[in-house]
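File shown: run24.txt (compact mmCIF, C-alpha atoms).
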# COMPACT_ATOMS: atom_id res chain seq x y z
CA MET A 405 77.70 82.82 90.01
CA SER A 406 77.51 82.75 93.76
CA THR A 407 80.58 80.56 94.14
CA PRO A 408 83.65 82.27 95.46
CA GLY A 409 86.64 82.76 93.22
CA LEU A 410 87.00 84.84 90.11
CA ARG A 411 84.25 87.41 90.00
CA TYR A 412 82.84 88.48 86.69
CA PRO A 413 81.86 92.05 85.95
CA SER A 414 78.36 92.70 84.68
CA ASN A 415 79.37 92.33 81.03
CA ARG A 416 80.77 88.87 81.79
CA LYS A 417 84.21 89.82 80.52
CA SER A 418 87.07 89.11 82.84
CA ILE A 419 90.61 90.39 82.44
CA TYR A 420 91.41 87.22 80.47
CA ASP A 421 88.93 88.18 77.74
CA ARG A 422 90.76 91.38 76.99
CA HIS A 423 93.17 91.73 74.14
CA LEU A 424 96.72 91.77 75.43
CA SER A 425 97.63 94.88 73.50
CA ARG A 426 94.75 96.84 74.82
CA SER A 427 96.08 99.30 77.33
CA LYS A 428 93.45 101.99 77.07
CA GLY A 429 91.27 102.34 80.13
CA ALA A 430 93.50 100.03 82.12
CA GLU A 431 94.42 102.70 84.64
CA LEU A 432 93.43 101.98 88.18
CA SER A 433 92.20 104.39 90.75
CA ARG A 434 95.01 105.52 93.01
CA ALA A 435 92.84 105.14 96.09
CA SER A 436 91.96 101.53 95.37
CA PHE A 437 95.62 100.73 94.88
CA ALA A 438 96.41 102.50 98.14
CA TYR A 439 93.89 100.38 100.05
CA LEU A 440 95.13 97.20 98.35
CA PHE A 441 98.69 98.14 99.28
CA VAL A 442 97.60 98.64 102.90
CA GLU A 443 96.32 95.07 102.94
CA MET A 444 99.42 93.74 101.17
CA ILE A 445 101.65 95.26 103.81
CA GLY A 446 99.37 93.99 106.55
CA TYR A 447 99.63 90.54 105.02
CA ALA A 448 103.39 90.72 104.70
CA GLN A 449 103.70 91.87 108.30
CA ARG A 450 102.23 88.70 109.73
CA ARG A 451 104.77 86.65 111.66
CA VAL A 452 107.55 88.78 110.31
CA THR A 453 110.83 88.77 112.21
CA GLY A 454 112.20 92.19 111.35
CA ILE A 455 112.37 95.02 108.86
CA ALA A 456 114.71 93.14 106.53
CA ASP A 457 112.33 90.20 106.55
CA LEU A 458 109.36 92.45 105.83
CA GLU A 459 111.17 94.07 102.90
CA LYS A 460 112.05 90.62 101.59
CA ARG A 461 108.40 89.64 101.66
CA LEU A 462 107.32 92.78 99.86
CA ASN A 463 110.03 92.08 97.33
CA ALA A 464 108.66 88.56 96.87
CA GLN A 465 105.19 90.00 96.22
CA GLY A 466 106.55 92.16 93.41
CA TYR A 467 108.81 89.57 91.80
CA PRO A 468 106.17 87.58 89.86
CA ILE A 469 104.64 90.84 88.62
CA GLY A 470 108.01 91.80 87.14
CA LEU A 471 108.40 88.45 85.40
CA ARG A 472 105.00 88.83 83.74
CA LEU A 473 105.30 92.52 82.96
CA LEU A 474 108.51 91.92 81.02
CA ASP A 475 106.69 89.65 78.57
CA LEU A 476 103.57 91.77 78.40
CA LEU A 477 105.41 95.03 77.76
CA LEU A 478 107.72 93.49 75.16
CA TYR A 479 104.68 92.07 73.43
CA ARG A 480 103.02 95.45 73.42
CA THR A 481 106.05 97.36 72.14
CA ALA A 482 106.28 94.83 69.30
CA SER A 483 102.63 95.00 68.31
CA SER A 484 102.66 98.79 68.29
CA SER A 485 105.41 98.71 65.67
CA SER A 486 104.40 95.39 64.06
CA SER A 487 104.01 96.83 60.57
CA SER A 488 107.72 97.53 60.34
CA SER A 489 108.96 94.31 61.88
CA SER A 490 109.20 91.37 59.51
CA SER A 491 109.89 88.75 62.14
CA LEU A 492 107.32 86.07 62.79
CA SER A 493 107.72 86.21 66.53
CA ALA A 494 105.02 88.21 68.20
CA SER A 495 107.33 89.54 70.83
CA GLY A 496 109.61 92.54 70.58
CA PRO A 497 113.36 92.30 70.89
CA ARG A 498 114.49 91.42 74.37
CA PRO A 499 117.16 93.59 75.86
CA THR A 500 120.43 91.71 75.66
CA ARG A 501 122.73 94.32 77.15
CA ILE A 502 122.57 95.97 80.55
CA LEU A 503 121.96 99.50 79.33
CA PRO A 504 118.95 98.73 77.11
CA LEU A 505 117.52 96.64 79.94
CA LEU A 506 117.87 99.50 82.40
CA GLN A 507 116.39 101.92 79.90
CA PHE A 508 113.50 99.54 79.43
CA ILE A 509 112.98 99.59 83.20
CA THR A 510 113.22 103.35 83.69
CA THR A 511 111.05 104.28 80.71
CA THR A 512 108.74 101.53 79.47
CA LEU A 513 108.17 99.77 82.79
CA TRP A 514 107.98 102.98 84.82
CA ARG A 515 105.54 104.55 82.38
CA HIS A 516 103.35 101.50 82.46
CA LEU A 517 103.30 101.32 86.25
CA PHE A 518 103.41 104.96 87.29
CA GLY A 519 102.61 106.99 84.18
CA ARG A 520 106.00 108.73 84.04
CA PRO A 521 109.64 107.77 83.58
CA ALA A 522 111.98 107.30 86.51
CA ASP A 523 113.88 110.37 87.67
CA ALA A 524 117.46 109.15 87.35
CA LEU A 525 119.57 106.21 86.33
CA GLU A 526 123.15 106.02 87.50
CA ARG A 527 125.99 103.57 87.54
CA SER A 528 127.57 103.05 90.91
CA ALA A 529 131.08 104.43 91.17
CA ALA A 530 132.00 101.79 93.70
CA SER A 531 131.13 98.66 91.81
CA ALA A 532 130.57 97.70 88.19
CA GLN A 533 127.81 95.33 89.27
CA GLU A 534 125.66 98.03 90.79
CA TYR A 535 123.24 100.40 89.16
CA MET A 536 120.89 102.87 90.77
CA VAL A 537 117.45 103.95 89.66
CA THR A 538 116.05 106.98 91.48
CA ASP A 539 112.42 107.89 91.97
CA ASN A 540 111.75 111.21 93.66
CA GLU A 541 108.33 110.23 94.90
CA PRO A 542 107.42 106.56 94.52
CA LEU A 543 103.73 106.14 93.88
CA VAL A 544 103.47 103.21 96.27
CA ASN A 545 104.73 105.40 99.10
CA SER A 546 102.46 108.36 98.42
CA TYR A 547 100.24 107.73 101.45
CA VAL A 548 102.65 105.74 103.58
CA SER A 549 104.09 107.24 106.75
CA VAL A 550 106.56 104.83 108.25
CA PRO A 551 106.56 104.83 112.07
CA ARG A 552 109.72 106.16 113.67
CA GLU A 553 110.79 102.85 115.11
CA MET A 554 110.85 101.35 111.61
CA SER A 555 112.30 104.39 109.87
CA SER A 556 114.67 102.38 107.70
CA LEU A 557 111.78 100.50 106.13
CA ASN A 558 110.95 101.54 102.59
CA CYS A 559 107.77 100.01 101.24
CA ALA A 560 109.02 100.58 97.72
CA ALA A 561 110.72 97.21 98.30
CA PHE A 562 107.64 96.00 96.45
CA VAL A 563 108.76 97.95 93.37
CA ALA A 564 112.28 96.63 93.87
CA GLY A 565 110.78 93.15 93.61
CA ILE A 566 109.16 94.06 90.31
CA ILE A 567 112.53 95.30 89.01
CA GLU A 568 114.17 92.10 90.17
CA GLY A 569 111.54 90.07 88.34
CA VAL A 570 112.15 91.99 85.12
CA CYS A 571 115.93 91.58 85.35
CA ASP A 572 115.75 87.89 86.15
CA GLY A 573 113.16 87.27 83.48
CA ALA A 574 115.34 88.96 80.89
CA GLY A 575 118.26 86.71 81.80
CA PHE A 576 120.19 89.20 83.88
CA ALA A 577 120.47 87.42 87.17
CA THR A 578 120.59 89.76 90.15
CA GLN A 579 122.02 89.24 93.59
CA GLU A 580 119.34 91.51 94.91
CA VAL A 581 117.41 94.67 94.19
CA THR A 582 116.73 96.84 97.21
CA ALA A 583 114.97 100.12 97.90
CA HIS A 584 116.64 102.75 100.06
CA TRP A 585 115.73 106.20 101.28
CA ALA A 586 117.99 108.68 99.56
CA GLY A 587 118.70 110.42 102.87
CA GLY A 588 119.86 107.35 104.71
CA GLN A 589 121.96 106.05 101.87
CA ALA A 590 125.27 104.59 102.92
CA GLU A 591 128.34 106.47 101.75
CA GLY A 592 129.91 103.38 100.26
CA THR A 593 127.35 102.79 97.55
CA GLY A 594 128.78 105.49 95.38
CA GLY A 595 128.07 109.00 94.22
CA GLY A 596 124.66 109.94 95.54
CA GLY A 597 124.02 112.23 92.63
CA GLU A 598 124.32 115.93 92.24
CA GLY A 599 123.10 118.26 94.97
CA GLY A 600 121.92 115.48 97.27
CA ALA A 601 120.90 117.63 100.23
CA ALA A 602 118.86 120.14 98.25
CA ALA A 603 117.03 117.38 96.42
CA GLU A 604 116.25 115.65 99.70
CA ASN A 605 114.53 118.70 101.11
CA MET A 606 112.44 118.98 98.02
CA TRP A 607 111.70 115.25 97.83
CA PRO A 608 111.57 113.80 101.32
CA GLY A 609 110.43 110.47 99.90
CA ARG A 610 113.24 110.17 97.36
CA THR A 611 114.02 106.50 96.91
CA ILE A 612 116.98 104.79 95.31
CA PHE A 613 116.60 101.31 93.88
CA LEU A 614 119.95 99.59 94.03
CA ILE A 615 120.28 96.86 91.42
CA ARG A 616 123.16 94.47 92.06
CA PHE A 617 123.79 92.12 89.15
CA LYS A 618 125.59 88.83 89.53
CA GLU A 619 129.20 88.63 88.47
CA GLU A 620 128.57 86.47 85.42
CA VAL A 621 126.23 89.11 84.03
CA VAL A 622 128.98 91.72 84.15
CA GLU A 623 131.47 89.23 82.68
CA ARG A 624 129.14 88.51 79.80
CA GLU A 625 128.64 92.23 79.31
CA ASP A 626 132.41 92.71 79.07
CA MET A 627 132.73 89.89 76.55
CA LEU A 628 129.96 91.33 74.39
CA GLU A 629 131.61 94.72 74.66
CA LYS A 630 134.94 93.32 73.40
CA ALA A 631 133.20 91.45 70.61
CA GLY A 632 131.76 94.76 69.54
CA ARG A 633 128.11 93.77 69.60
CA MET B 1463 83.96 149.56 119.56
CA TYR B 1464 85.36 147.83 122.55
CA ASP B 1465 88.83 146.53 122.89
CA PHE B 1466 88.90 143.19 121.12
CA PRO B 1467 91.30 140.75 122.74
CA LEU B 1468 93.40 139.85 119.73
CA PRO B 1469 96.13 137.52 120.91
CA CYS B 1470 98.30 137.80 117.82
CA PRO B 1471 98.71 140.06 114.80
CA TYR B 1472 96.84 137.73 112.45
CA SER B 1473 93.21 138.62 112.10
CA ARG B 1474 92.01 135.22 110.89
CA VAL B 1475 93.58 132.16 112.35
CA VAL B 1476 93.02 128.45 112.68
CA PHE B 1477 94.20 127.67 116.18
CA ALA B 1478 94.05 123.94 116.59
CA LEU B 1479 92.64 120.65 115.40
CA LEU B 1480 91.40 117.82 117.57
CA VAL B 1481 90.24 114.44 116.34
CA ILE B 1482 88.02 112.29 118.53
CA ASN B 1483 87.42 108.63 117.79
CA LYS B 1484 84.11 106.72 117.96
CA ALA B 1485 84.58 105.96 121.62
CA GLY B 1486 85.26 109.55 122.65
CA GLY B 1487 89.01 109.23 122.98
CA LEU B 1488 91.29 111.97 121.76
CA ILE B 1489 93.42 110.54 118.96
CA TYR B 1490 94.94 113.67 117.47
CA ASN B 1491 95.74 117.08 118.78
CA ARG B 1492 97.69 119.75 117.00
CA GLU B 1493 98.17 123.43 117.49
CA PHE B 1494 98.75 125.48 114.37
CA HIS B 1495 98.97 128.96 115.76
CA PRO B 1496 99.51 130.13 119.29
CA GLY B 1497 96.77 132.29 120.72
CA LEU B 1498 94.74 130.04 122.96
CA THR B 1499 95.90 129.15 126.41
CA LYS B 1500 97.60 125.80 126.26
CA LEU B 1501 95.55 123.09 127.90
CA SER B 1502 97.28 120.24 129.65
CA SER B 1503 97.01 116.93 127.88
CA ASN B 1504 94.77 115.72 130.67
CA ASP B 1505 92.39 118.64 130.16
CA LEU B 1506 92.36 117.97 126.44
CA LEU B 1507 91.36 114.37 127.07
CA ILE B 1508 88.56 115.54 129.37
CA LEU B 1509 87.45 118.10 126.80
CA ALA B 1510 87.32 115.39 124.14
CA GLY B 1511 85.40 112.98 126.34
CA THR B 1512 82.96 115.63 127.56
CA PHE B 1513 82.34 116.96 124.10
CA HIS B 1514 81.72 113.44 122.90
CA GLY B 1515 79.11 112.90 125.59
CA VAL B 1516 77.38 116.22 125.08
CA HIS B 1517 77.38 115.66 121.35
CA ALA B 1518 75.71 112.27 121.81
CA ILE B 1519 73.00 113.80 123.99
CA THR B 1520 72.36 116.73 121.68
CA ARG B 1521 71.85 114.28 118.85
CA ASN B 1522 68.88 112.94 120.71
CA ILE B 1523 67.26 116.32 121.28
CA ASN B 1524 64.78 116.56 118.46
CA PRO B 1525 61.62 118.56 118.05
CA ALA B 1526 58.74 116.57 119.52
CA GLY B 1527 56.88 114.70 116.83
CA ALA B 1528 59.62 115.06 114.23
CA PRO B 1529 60.24 111.93 112.20
CA GLN B 1530 63.12 110.02 113.66
CA VAL B 1531 64.94 108.95 110.54
CA PRO B 1532 62.90 109.15 107.35
CA GLY B 1533 62.86 105.75 105.71
CA GLY B 1534 64.79 104.38 108.63
CA ASN B 1535 61.94 102.16 109.79
CA ASN B 1536 61.46 100.50 106.43
CA PRO B 1537 62.74 96.96 106.87
CA ASN B 1538 63.00 96.42 103.11
CA LEU B 1539 65.70 99.03 102.69
CA PRO B 1540 69.25 98.47 103.80
CA PRO B 1541 70.46 101.03 106.31
CA ASN B 1542 71.80 103.96 104.40
CA PRO B 1543 74.51 105.87 106.21
CA MET B 1544 73.94 108.88 103.97
CA SER B 1545 70.26 109.21 104.87
CA TYR B 1546 69.15 112.01 107.13
CA GLN B 1547 70.43 111.71 110.64
CA PRO B 1548 70.05 114.31 113.34
CA THR B 1549 73.33 116.05 113.99
CA GLY B 1550 74.58 117.00 117.39
CA ILE B 1551 76.40 120.21 118.25
CA GLU B 1552 77.94 121.69 115.17
CA VAL B 1553 79.30 124.98 116.40
CA LEU B 1554 80.28 126.25 119.79
CA GLU B 1555 81.23 129.89 120.10
CA SER B 1556 82.82 132.04 122.71
CA SER B 1557 84.09 135.59 122.46
CA ASN B 1558 87.60 134.37 121.73
CA PHE B 1559 87.20 131.31 119.59
CA ARG B 1560 84.80 129.26 117.59
CA LEU B 1561 84.75 125.48 117.75
CA GLN B 1562 83.40 123.80 114.68
CA CYS B 1563 82.59 120.10 114.84
CA PHE B 1564 82.37 117.78 111.90
CA GLN B 1565 81.35 114.17 112.35
CA THR B 1566 82.09 111.59 109.67
CA VAL B 1567 79.60 108.83 108.85
CA THR B 1568 81.72 106.41 110.83
CA GLY B 1569 81.55 108.53 113.97
CA THR B 1570 84.97 110.16 114.01
CA LYS B 1571 84.76 113.80 115.04
CA PHE B 1572 86.96 116.65 113.89
CA LEU B 1573 87.01 119.73 116.07
CA LEU B 1574 88.51 122.86 114.59
CA LEU B 1575 89.27 125.78 116.87
CA THR B 1576 89.36 129.05 114.96
CA GLU B 1577 88.96 132.75 115.42
CA PRO B 1578 85.28 133.73 115.61
CA GLN B 1579 85.45 135.55 112.24
CA GLN B 1580 87.27 132.85 110.37
CA PRO B 1581 85.56 132.42 106.99
CA ASN B 1582 85.08 129.19 105.04
CA VAL B 1583 85.54 126.88 107.98
CA ASP B 1584 83.46 124.29 106.11
CA THR B 1585 85.90 124.22 103.22
CA THR B 1586 88.85 123.99 105.58
CA MET B 1587 87.16 121.15 107.43
CA ARG B 1588 86.40 119.36 104.19
CA ARG B 1589 90.01 119.61 103.07
CA ILE B 1590 91.24 118.37 106.44
CA TYR B 1591 88.90 115.41 106.14
CA GLU B 1592 90.36 114.69 102.70
CA LEU B 1593 93.88 114.82 104.09
CA TYR B 1594 92.81 112.52 106.90
CA SER B 1595 91.33 109.98 104.53
CA ASP B 1596 94.43 110.10 102.35
CA PHE B 1597 97.30 110.15 104.77
CA VAL B 1598 95.79 108.43 107.79
CA MET B 1599 93.30 105.93 106.44
CA LYS B 1600 95.52 104.86 103.54
CA ASN B 1601 98.57 104.49 105.71
CA PRO B 1602 99.40 100.82 106.24
CA PHE B 1603 100.87 101.49 109.65
CA TYR B 1604 97.84 103.19 111.15
CA THR B 1605 95.43 101.19 113.27
CA VAL B 1606 91.92 102.60 113.22
CA GLU B 1607 90.70 104.28 116.41
CA MET B 1608 94.24 104.56 117.70
CA PRO B 1609 96.23 107.78 118.19
CA ILE B 1610 97.34 109.24 114.87
CA ARG B 1611 101.07 109.39 114.34
CA CYS B 1612 101.52 109.93 110.64
CA GLU B 1613 104.31 112.17 109.48
CA LYS B 1614 102.72 112.87 106.10
CA PHE B 1615 99.43 113.90 107.72
CA ASP B 1616 101.26 116.39 109.95
CA ARG B 1617 103.21 117.75 107.03
CA SER B 1618 100.23 118.09 104.71
CA LEU B 1619 98.21 119.82 107.46
CA ASP B 1620 101.02 122.30 107.96
CA GLY B 1621 101.20 122.90 104.26
CA PHE B 1622 97.49 123.50 104.03
CA VAL B 1623 96.46 125.28 107.23
CA LYS B 1624 99.51 127.41 107.83
CA ILE B 1625 99.82 128.66 104.28
CA LYS B 1626 96.12 129.33 104.00
CA SER B 1627 95.74 131.42 107.11
So that I can check it, write out the structure of this file as structure tokens.
Amino acid sequence: MSTPGLRYPSNRKSIYDRHLSRSKGAELSRASFAYLFVEMIGYAQRRVTGIADLEKRLNAQGYPIGLRLLDLLLYRTASSSSSSSSSLSASGPRPTRILPLLQFITTTLWRHLFGRPADALERSAASAQEYMVTDNEPLVNSYVSVPREMSSLNCAAFVAGIIEGVCDGAGFATQEVTAHWAGGQAEGTGGGGEGGAAAENMWPGRTIFLIRFKEEVVEREDMLEKAGR
Amino acid sequence: MYDFPLPCPYSRVVFALLVINKAGGLIYNREFHPGLTKLSSNDLLILAGTFHGVHAITRNINPAGAPQVPGGNNPNLPPNPMSYQPTGIEVLESSNFRLQCFQTVTGTKFLLLTEPQQPNVDTTMRRIYELYSDFVMKNPFYTVEMPIRCEKFDRSLDGFVKIKS
């Protein structure tokens, strides 16, 4: 009991003893997450070479979470409607097209992580490979004030990593998923949405997650589209 | 009734907030409403340091024979930060302003400069402490005991203090 490692709560039940479908009472305190996130950023900042490097590390911290969440959430959606499904597989249907995958991310994943759906989902006008998910006030950033000399840093890169993990795990390889401040968004990435300036004043922390799929994903999507599936 | 030197049309105003760290250094200074003569940053540092020293001394002025810290001498109990501790100066008043001091259990001091008649300073102080623990202590880019430069803290203070008064 005194050995370091996994610590057991008083009822001797660790997270591994819980039923996978059980989601009640799994909410965490916002403050404890905030303090954990402080330490995660402190950890990622060690021996870091620049802002891009720091964002990459935060992304890498989120990636494995995304991989696992995909399976967990699919399993849960299946077991909640298990009476109607006749298939033997325990898992729900995996998204096989881009749109269902993105809807899965903005609704199911967002609800699980943040308790509400994402605020917008758009397709980039500039490129067929790019999609944008908008969150007006990312939960991970709620207590974060980025110092002026690092103003381009967006700590929601951690969430971008989670998204990347979900996409990759579902078989939609991505070039990268990045988090950007809505205000500093480059003009080239496409239509920044309706009434950008007004929304920025209201939501100073508005963040856009730019998902850039690999070419073969878009090619496959086109083929499936032509085949009418 | 004598002529009361009201510097501005508001009757109840929070003038400024100062935060002093454990070592007596000024780590935050913000003026919400004009009304007090502006002190130079050097004077503010001296004020913070002096207040810190006086506060430390006043903590040691206790009635003779009063128990030091009840239960504090019991070696079987772990030190409890919430147990009774003598406080130092809590309020300092002049004819033009009132300075309320609040010290956290970790030794950080919040000084709020208000009008003498300002009501509910305790509640205001409590809320400011909450904002501090949210937007300063939970900010990954803040180093404890160092000067506070947190945009969200500034913004939330504005939203709270300015709207309230």
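Residues in contact with region 1549-1551 of chain B at up to 10 Å, not including ones fewer than 2 positions away on its chain and judged by all atoms listed in the file, are Phe1513, His1514, Val1516, His1517, Ala1518, Ile1519, Thr1520, Arg1521, Asn1522, Ile1523, Asn1524, Tyr1546, Gln1547, Val1553, Leu1554, Leu1561, Gln1562, Cys1563, Phe1564 and Gln1565 of chain B.
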Long-range neighbours of Leu1573 (chain B) as number ranges by chain, 12 Å cut-off, only C-alpha atoms, 2 positions minimum in chain: B: 1476-1483, 1488-1493, 1506, 1509-1510, 1513-1514, 1517, 1551-1554, 1560-1566, 1570-1571, 1575-1576, 1583-1584, 1586-1588, 1590-1591
Neighbours of chain B in chain A at 12 Å, counting all atoms listed in the file, as number ranges by chain: A: 434-449, 544-555, 557, 559, 608-609
Contacts of Ala524 (chain A) at 7 Å (only C-alpha atoms; same-chain gap of 3+ positions) as an MDAnalysis selection string: chainID A and resid 537:539
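Distance annotation: of A:Gly573, A:Thr510, A:Ser556, A:Met536, the residue with the minimal separation from Arg472 (chain A) is A:Gly573; atom set is all atoms listed in the file.
You can rank A:Ala456, A:Leu503, A:Ala522, A:Val570 by their closest distance to Glu625 (chain A) using all atoms listed in the file, and at the top of that list sits A:Leu503.
The space between CA of Leu525 (chain A) and CA of Gly565 (chain A) spans 17.3 Å.
One distance worth recording is that between CA of Phe617 (chain A) and CA of Tyr467 (chain A), which is 15.4 Å.
For the atom pair formed by CA of Leu543 (chain A) and CA of Thr512 (chain A), the distance is 15.9 Å, given to one decimal.
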Selection near Asp523 (chain A), 12 Å with all atoms listed in the file, sequence-local residues under 3 positions removed, as an MDAnalysis selection string: chainID A and resid 507 509:511 514:515 518 520 526 536:542 597 603 607 610:613
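Residues lying within 12 Å of Val1475 (chain B), counting only C-alpha atoms and ignoring same-chain neighbours fewer than 6 positions away, are Leu1468, Pro1469, Glu1493, Phe1494, His1495, Pro1496, Gly1497, Leu1498, Asn1558, Phe1559, Arg1560, Leu1574, Leu1575, Thr1576, Glu1577, Pro1578, Gln1579, Gln1580, Pro1581, Asn1582, Val1583, Thr1586, Val1623, Lys1624, Ile1625, Lys1626 and Ser1627 of chain B.
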Print the selection's residues with C-alpha atoms to a file, as a short mmCIF file (atom, residue, chain, number, x, y, z; two decimals), in the frame of the given file.
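So result-v7.cif came out as:
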data_model
loop_
_atom_site.label_atom_id
_atom_site.label_comp_id
_atom_site.auth_asym_id
_atom_site.auth_seq_id
_atom_site.Cartn_x
_atom_site.Cartn_y
_atom_site.Cartn_z
CA LEU B 1468 93.40 139.85 119.73
CA PRO B 1469 96.13 137.52 120.91
CA GLU B 1493 98.17 123.43 117.49
CA PHE B 1494 98.75 125.48 114.37
CA HIS B 1495 98.97 128.96 115.76
CA PRO B 1496 99.51 130.13 119.29
CA GLY B 1497 96.77 132.29 120.72
CA LEU B 1498 94.74 130.04 122.96
CA ASN B 1558 87.60 134.37 121.73
CA PHE B 1559 87.20 131.31 119.59
CA ARG B 1560 84.80 129.26 117.59
CA LEU B 1574 88.51 122.86 114.59
CA LEU B 1575 89.27 125.78 116.87
CA THR B 1576 89.36 129.05 114.96
CA GLU B 1577 88.96 132.75 115.42
CA PRO B 1578 85.28 133.73 115.61
CA GLN B 1579 85.45 135.55 112.24
CA GLN B 1580 87.27 132.85 110.37
CA PRO B 1581 85.56 132.42 106.99
CA ASN B 1582 85.08 129.19 105.04
CA VAL B 1583 85.54 126.88 107.98
CA THR B 1586 88.85 123.99 105.58
CA VAL B 1623 96.46 125.28 107.23
CA LYS B 1624 99.51 127.41 107.83
CA ILE B 1625 99.82 128.66 104.28
CA LYS B 1626 96.12 129.33 104.00
CA SER B 1627 95.74 131.42 107.11
#
Any chance you could work out the axis-aligned box around region 409-423 of chain A, listed atoms only, 3 Å on each side, giving centre and edge lengths in Å to one decimal, as AutoDock Vina command-line options?
--center_x 85.8 --center_y 87.7 --center_z 83.7 --size_x 20.8 --size_y 15.9 --size_z 25.1
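Of the listed residues (A:Ala583, A:Ala577, A:Leu506, A:Met606), A:Ala577 comes nearest to Lys618 (chain A); the distances count all atoms listed in the file.
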